[in-house]
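A short write-up of the structure that comes next.
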4 protein chains.
Amino acid sequence: MCRWLAYSGTPIRLEELLVKRDRSLIDQSLHARQGATTTNGDGFGVGWYEEGEGPRVYRSTHPAWNDRNLRELAAGISSPLFCAHIRASTGTAIQETNTHPFRHGRWLWMHNGLIRDFPRVRRELVLAVDDSLFPSIEGTTDSEAMFYLALTFGLESDPVDAVERMVGFVEETGRKHGVADPIQMTIATTDGRSIWAFRYSSEGDSRSLYFSTRMDTLKALHPEIEELVSLSDETRVIVSEPLGDLPGAWNEAPESHVGIVQPGADELRPFTPRLP
Amino acid sequence: MCRWLAYSGTPIRLEELLVKRDRSLIDQSLHARQGATTTNGDGFGVGWYEEGEGPRVYRSTHPAWNDRNLRELAAGISSPLFCAHIRASTGTAIQETNTHPFRHGRWLWMHNGLIRDFPRVRRELVLAVDDSLFPSIEGTTDSEAMFYLALTFGLESDPVDAVERMVGFVEETGRKHGVADPIQMTIATTDGRSIWAFRYSSEGDSRSLYFSTRMDTLKALHPEIEELVSLSDETRVIVSEPLGDLPGAWNEAPESHVGIVQPGADELRPFTPRLP
Amino acid sequence: MCRWLAYSGTPIRLEELLVKRDRSLIDQSLHARQGATTTNGDGFGVGWYEEGEGPRVYRSTHPAWNDRNLRELAAGISSPLFCAHIRASTGTAIQETNTHPFRHGRWLWMHNGLIRDFPRVRRELVLAVDDSLFPSIEGTTDSEAMFYLALTFGLESDPVDAVERMVGFVEETGRKHGVADPIQMTIATTDGRSIWAFRYSSEGDSRSLYFSTRMDTLKALHPEIEELVSLSDETRVIVSEPLGDLPGAWNEAPESHVGIVQPGADELRPFTPRLP
Amino acid sequence: MCRWLAYSGTPIRLEELLVKRDRSLIDQSLHARQGATTTNGDGFGVGWYEEGEGPRVYRSTHPAWNDRNLRELAAGISSPLFCAHIRASTGTAIQETNTHPFRHGRWLWMHNGLIRDFPRVRRELVLAVDDSLFPSIEGTTDSEAMFYLALTFGLESDPVDAVERMVGFVEETGRKHGVADPIQMTIATTDGRSIWAFRYSSEGDSRSLYFSTRMDTLKALHPEIEELVSLSDETRVIVSEPLGDLPGAWNEAPESHVGIVQPGADELRPFTPRLP
């Protein structure tokens, strides 16, 4: 049910994480190990920032593993902050507008999981999206609806609070319609400067989410790996599923928590849905 | 701004109207003469009925003129009632779910024209769609929204009345938001037995719409054309733009009228939008 | 490395074998059990005959599992003889012209397997294709090259002999270039009346190939299965991998054999490559 | 019959020439003024170099005018040397491998025009491609065949001579097969450092080709245009059809000539096909 990754740090070529790694994201599109589905071939997307600009987004309905353009782009583009997502549809149409990351202004949004019984609750959820934001909704996924609800609840000023309220609203709406465990999610959202990554599910058994170890620690742990040397201590990678098997490189996020990758110290906080 | 055609009568191969004719629909995708745009390359779709079954739908985002699969299908499929549409987008995304004909149950719907300032009024229009119908909306076009509003207003029991009320509602909503001439349209909708074709615009200057001459009259007019011989007198074609230049074959529908192609006598009635 | 099926007998809807069966071909595009790859998402194609016409071909670069148009077509088309193929590329580009079945005149051709080191031998193979046939080559696969070589060696008059000589030529060419085991294949080819299905590999360990049990035997074996009743005794299905688990329904073809499904008695013969 | 452009000079965003200009290339995909066809919607491609790297290539089968990814890329990528091409097929399949620019090593190649009766002469032309180059041919266009012939005749060491010999060979082959005027072409080819642009046809009435005026002259001519200020005097644009209507900005290349845009003085030389 989808895999995603987000990177922040020293500018690198997108291909370093999308293509080149053993267990890269393209690799996971064909053979994911930890997801609900091994194959994630219902489209993919990449969003990236440059200094002071962006984000730009490239999305396709083709499987990531056979898309040549993706490999070309990934080789040609360097970025200090980017995300990528490979999709396994939970029912909605295969089209670019249903492919993550979703973009609004300077914000990007990616999701792994689902809103259960979405057709039943979709109308009520979408109705709650602010007037000024509604015209920007281009697809029909639960993921995009969650984004626009979060924006409605103030994502651009207080992301954690906005997502807590979004999830609270989704859960309340779900329960009103008789859905037992309304939401399952890992989410990554970013404004090009910080990345917020959430792990939560109504049932308390969420899709996987990992943060890379602090870069200075990792360099000390693995002095033999040359490519780490050029990466700043600020550098961090967030993933649904580890890229590669480097011991000590990956740390699972606890249930019901949000990690914030930002300039200076990164944070890990409890995540508590509440009513809007 | 799109071209479409609808056929009802003796079963024929789709290719007879989609491919083979001089000035066929595929031809019009590259060089339409009468539309707002000469090129209609933003996707196409075909919907067809078989005896007691259907409709089936084939939709693509590629231009009709270069799609080989379309030619194969059109050669392989015979039908007594079918529609086809070639798209020139008025702003919404190029994706199959934004391509006509739209389908709901046994009904198909196609549209040429637009709802002006659609982003501004979209939310209000879409939220008037009945709860039970809302989950079926898969795209983001004005055309699809009109379909679901018409279904909400009773398309399945009284199509003319439902579309009159849909247009009334769209015009009222538009004017509320300061839009001068809210709607421009030719519409074709069918349940596989009859076809309703509407021509209307708020400004009273609508996209073109033609009905073929009664088949018995046409056969008398053109005894030299062999292929007409096998067509029943019931056979009728409705088009945005004539297929070919056969004298006496095409009759322009008047402004603000609806034509009904049905078993037995066909009708032409005034079309008067009213509030729902 | 691809899965395919071919059907001959009482006309049925394509969806009966492509969509509906447990372990249908669409199912195998996502989770094949016996192929070299579990995922076959690099495109798919269908070819079908009608009484005295065809074949028509529908090919797409999208994975079979998420293509709506395929399901529509499969529901809408009935045929007494059809083939379908789902692709896992062995290196060549993902494009419709590299998707099976390939068509030439009334003939269709599908292949599972590969010509090893194809880039090395491709030129020599392709240049052995007859002048009159060369312009019809539209793609770059080994599979299509094999088809055009077989046509060059007389497929249209003596299919078994032509394919024996094609394989002999491919093996000789391969060995000349230092390739140990030049060819791995199951092949299905048909002229709309009979189907020839080959199983062979240079290494004597070929991709799987199954024929359905004679329909009269199968009906006797499984009187409880109603849908068999309407199928003629002539009806036969040939597959890379069984559709479903019905006991006694599937018979593996032996190595180095060709099965011929034809009006009257079907045959199973040894297959012996020879030099052209 | 296609439009293309090539740029060399101060690094700029691709969108400056592909999207933003009035009469940009995307614009010409929908409404070209000078080409054999007004619509060039059978795919497009972009190739670009970075300092010491590349080229990277992005190709699509969709029309340029409705491809969002193209606009994103064009906004996100800066390059000192890039080409772009929009396609109107002269018969061969619509697929990425038939879309220009073609790439081989550090070289890119684009073509507007055709080899007449290509199916008839294709085999002989392709046979003449060097053994070592043959495996790199991925499509079925005349344009790509011309590229690989030019490479065979030494494009990488003496481009003008190689293309003269390629054209000589194509003309000789054509005439042998009874084709009156075998070749019609403008061609752009580049190694990332220089660009060679050819204008020639057997009939002496070639597709259009323009070079931008020397940048220092243009700046003097149009001091009011701010954006020219940042462009080096080395900057040059080569196009099938002018981008915009700026007086004095565009100079038509004479028949049977080749222009060379290179570090230092650019050249214009007669182009004389000869036998290889």
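Going by the structure tokens order, chains are called A, B, ..., each with residues numbered from 1, while ligands are numbered from 1 in the order shown.
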
Hey, list the chain B side of the contact with chain D: 8 Å cut-off, only C-alpha atoms, answer as a list in words.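 Here is what falls inside 8 Å: Leu30, Thr39, Gly41, Asp42, His62, Pro63, Asn66 and Ile94 of chain B.
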
Using the chain letters and numbers from this document, which residues of stretch 41-170 of chain A does DSSP assign to strand (DSSP E), as a ChimeraX atom specification? /A:44-50,53-60,78-86,102-104,107-115

Which of these, C:Thr186, C:Gln34, C:Ser202, C:Thr173, has the shortest distance to C:Asn112 once you count only C-alpha atoms?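 Residue with the minimum atom-to-atom distance to C:Asn112: C:Thr186.
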
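The space separating atom CA of A:Lys219 from atom CA of A:Ile77 comes to 25.1 Å.
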
Atomic separation - atom CA of A:Glu72 relative to atom CA of D:Pro11, Å: 19.2 Å

As a PyMOL selection string, list the residues of stretch 63-229 of chain A assigned to alpha helix (DSSP H) by DSSP on the backbone atoms of this structure. chain A and resi 68-76+118-127+142-152+159-176+215-221+226-229

Just C-alpha atoms for this one: save the residues we selected as a PDB file, in the first residue's frame.
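That gives us part.pdb:
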ATOM      1  CA  ARG A  68      13.095   5.726 -18.210  1.00  0.00           C
ATOM      2  CA  ASN A  69      12.238   9.381 -17.737  1.00  0.00           C
ATOM      3  CA  LEU A  70      12.342   8.896 -13.972  1.00  0.00           C
ATOM      4  CA  ARG A  71      15.880   7.586 -14.184  1.00  0.00           C
ATOM      5  CA  GLU A  72      16.927  10.491 -16.401  1.00  0.00           C
ATOM      6  CA  LEU A  73      15.440  13.059 -14.060  1.00  0.00           C
ATOM      7  CA  ALA A  74      16.802  11.390 -11.000  1.00  0.00           C
ATOM      8  CA  ALA A  75      20.261  11.535 -12.565  1.00  0.00           C
ATOM      9  CA  GLY A  76      19.907  15.139 -13.685  1.00  0.00           C
ATOM     10  CA  PHE A 118     -13.668   6.211   2.088  1.00  0.00           C
ATOM     11  CA  PRO A 119     -16.568   6.281  -0.399  1.00  0.00           C
ATOM     12  CA  ARG A 120     -18.942   6.439   2.540  1.00  0.00           C
ATOM     13  CA  VAL A 121     -17.278   9.322   4.335  1.00  0.00           C
ATOM     14  CA  ARG A 122     -15.731  11.143   1.390  1.00  0.00           C
ATOM     15  CA  ARG A 123     -18.466  13.661   0.901  1.00  0.00           C
ATOM     16  CA  GLU A 124     -18.561  14.779   4.493  1.00  0.00           C
ATOM     17  CA  LEU A 125     -14.783  15.069   4.648  1.00  0.00           C
ATOM     18  CA  VAL A 126     -14.515  17.013   1.443  1.00  0.00           C
ATOM     19  CA  LEU A 127     -17.368  19.300   2.515  1.00  0.00           C
ATOM     20  CA  ASP A 142      -8.323   9.874   0.581  1.00  0.00           C
ATOM     21  CA  SER A 143      -4.711  11.045   0.771  1.00  0.00           C
ATOM     22  CA  GLU A 144      -5.383  14.272  -1.048  1.00  0.00           C
ATOM     23  CA  ALA A 145      -8.546  14.899   0.975  1.00  0.00           C
ATOM     24  CA  MET A 146      -6.465  14.557   4.146  1.00  0.00           C
ATOM     25  CA  PHE A 147      -4.039  17.140   2.798  1.00  0.00           C
ATOM     26  CA  TYR A 148      -6.729  19.668   2.088  1.00  0.00           C
ATOM     27  CA  LEU A 149      -8.330  19.105   5.461  1.00  0.00           C
ATOM     28  CA  ALA A 150      -4.969  19.629   7.134  1.00  0.00           C
ATOM     29  CA  LEU A 151      -4.543  22.851   5.149  1.00  0.00           C
ATOM     30  CA  THR A 152      -8.016  23.893   6.262  1.00  0.00           C
ATOM     31  CA  PRO A 159       1.519  21.497  11.018  1.00  0.00           C
ATOM     32  CA  VAL A 160       1.387  19.139  14.008  1.00  0.00           C
ATOM     33  CA  ASP A 161      -1.719  20.728  15.397  1.00  0.00           C
ATOM     34  CA  ALA A 162      -3.384  20.796  11.979  1.00  0.00           C
ATOM     35  CA  VAL A 163      -2.731  17.125  11.340  1.00  0.00           C
ATOM     36  CA  GLU A 164      -3.890  16.198  14.841  1.00  0.00           C
ATOM     37  CA  ARG A 165      -7.116  17.990  14.162  1.00  0.00           C
ATOM     38  CA  MET A 166      -7.442  16.484  10.709  1.00  0.00           C
ATOM     39  CA  VAL A 167      -7.071  12.988  12.084  1.00  0.00           C
ATOM     40  CA  GLY A 168      -9.462  13.736  14.921  1.00  0.00           C
ATOM     41  CA  PHE A 169     -12.032  14.897  12.405  1.00  0.00           C
ATOM     42  CA  VAL A 170     -11.528  11.885  10.158  1.00  0.00           C
ATOM     43  CA  GLU A 171     -11.892   9.503  13.093  1.00  0.00           C
ATOM     44  CA  GLU A 172     -14.998  11.218  14.396  1.00  0.00           C
ATOM     45  CA  THR A 173     -16.570  11.224  10.950  1.00  0.00           C
ATOM     46  CA  GLY A 174     -15.671   7.588  10.424  1.00  0.00           C
ATOM     47  CA  ARG A 175     -17.156   6.504  13.692  1.00  0.00           C
ATOM     48  CA  LYS A 176     -20.329   8.444  12.969  1.00  0.00           C
ATOM     49  CA  MET A 215      24.571  11.740  10.427  1.00  0.00           C
ATOM     50  CA  ASP A 216      27.433  12.420  12.838  1.00  0.00           C
ATOM     51  CA  THR A 217      26.647   9.213  14.713  1.00  0.00           C
ATOM     52  CA  LEU A 218      26.366   7.302  11.463  1.00  0.00           C
ATOM     53  CA  LYS A 219      29.688   8.570  10.195  1.00  0.00           C
ATOM     54  CA  ALA A 220      31.349   7.483  13.444  1.00  0.00           C
ATOM     55  CA  LEU A 221      29.630   4.093  13.190  1.00  0.00           C
ATOM     56  CA  GLU A 226      33.048   7.329   1.895  1.00  0.00           C
ATOM     57  CA  GLU A 227      29.860   8.817   0.606  1.00  0.00           C
ATOM     58  CA  LEU A 228      28.751   9.769   4.105  1.00  0.00           C
ATOM     59  CA  VAL A 229      31.716  12.104   4.487  1.00  0.00           C
TER      60      VAL A 229
END

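Atom CA of B:Ile183 to atom CA of B:Phe102 spans 18.8 Å [interatomic distance, one decimal].
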
Quick one: everything within 9 Å of D:Gly192, counting only C-alpha atoms, minus sequence neighbours fewer than 6 positions away in the same chain. Send it as a VMD selection string. chain D and resid 8 48 to 50 52 to 55 80 to 82 106 to 108

Within 9 Å of stretch 203-206 of chain D, counting only C-alpha atoms, which residues qualify if same-chain residues fewer than 6 places away don't, as JSON, numbers by chain? {"D": [113, 180, 181, 182, 183, 184, 185, 186, 255, 256]}

Please write the residues from the selection above to a file, keeping N, CA and C atoms, as a compact mmCIF listing (two decimals), in the first residue's frame.
# COMPACT_ATOMS: atom_id res chain seq x y z
N GLY D 113 11.47 16.41 -41.17
CA GLY D 113 11.44 16.04 -42.59
C GLY D 113 11.16 14.56 -42.73
N ALA D 180 12.09 9.47 -56.39
CA ALA D 180 12.55 10.67 -57.08
C ALA D 180 13.34 11.61 -56.16
N ASP D 181 12.76 12.04 -55.10
CA ASP D 181 13.44 12.96 -54.17
C ASP D 181 13.54 12.29 -52.81
N PRO D 182 14.62 11.57 -52.57
CA PRO D 182 14.67 10.70 -51.40
C PRO D 182 14.63 11.38 -50.04
N ILE D 183 15.21 12.59 -49.93
CA ILE D 183 15.35 13.10 -48.57
C ILE D 183 14.97 14.57 -48.40
N GLN D 184 14.31 14.83 -47.28
CA GLN D 184 13.88 16.16 -46.91
C GLN D 184 14.30 16.35 -45.46
N MET D 185 15.08 17.41 -45.16
CA MET D 185 15.59 17.50 -43.78
C MET D 185 16.07 18.86 -43.32
N THR D 186 15.74 19.14 -42.06
CA THR D 186 16.62 19.96 -41.25
C THR D 186 17.05 19.03 -40.13
N GLU D 255 19.30 27.29 -48.36
CA GLU D 255 19.24 25.89 -48.79
C GLU D 255 20.65 25.30 -48.84
N SER D 256 20.72 24.01 -48.56
CA SER D 256 21.99 23.28 -48.72
C SER D 256 23.14 23.94 -47.98

Any idea what's packed within 12 Å of A:Gln28, counting only C-alpha atoms, ignoring anything in its chain fewer than 2 positions away? Could you give it as a ChimeraX atom specification? /A:1-5,17-26,30-35,37-41,44,63-65,84-88,239-244

Residues near B:Ser194, cut-off 7 Å, only C-alpha atoms, skip fewer than 3 positions along chain, as a ChimeraX atom specification: /B:190-191,260-262
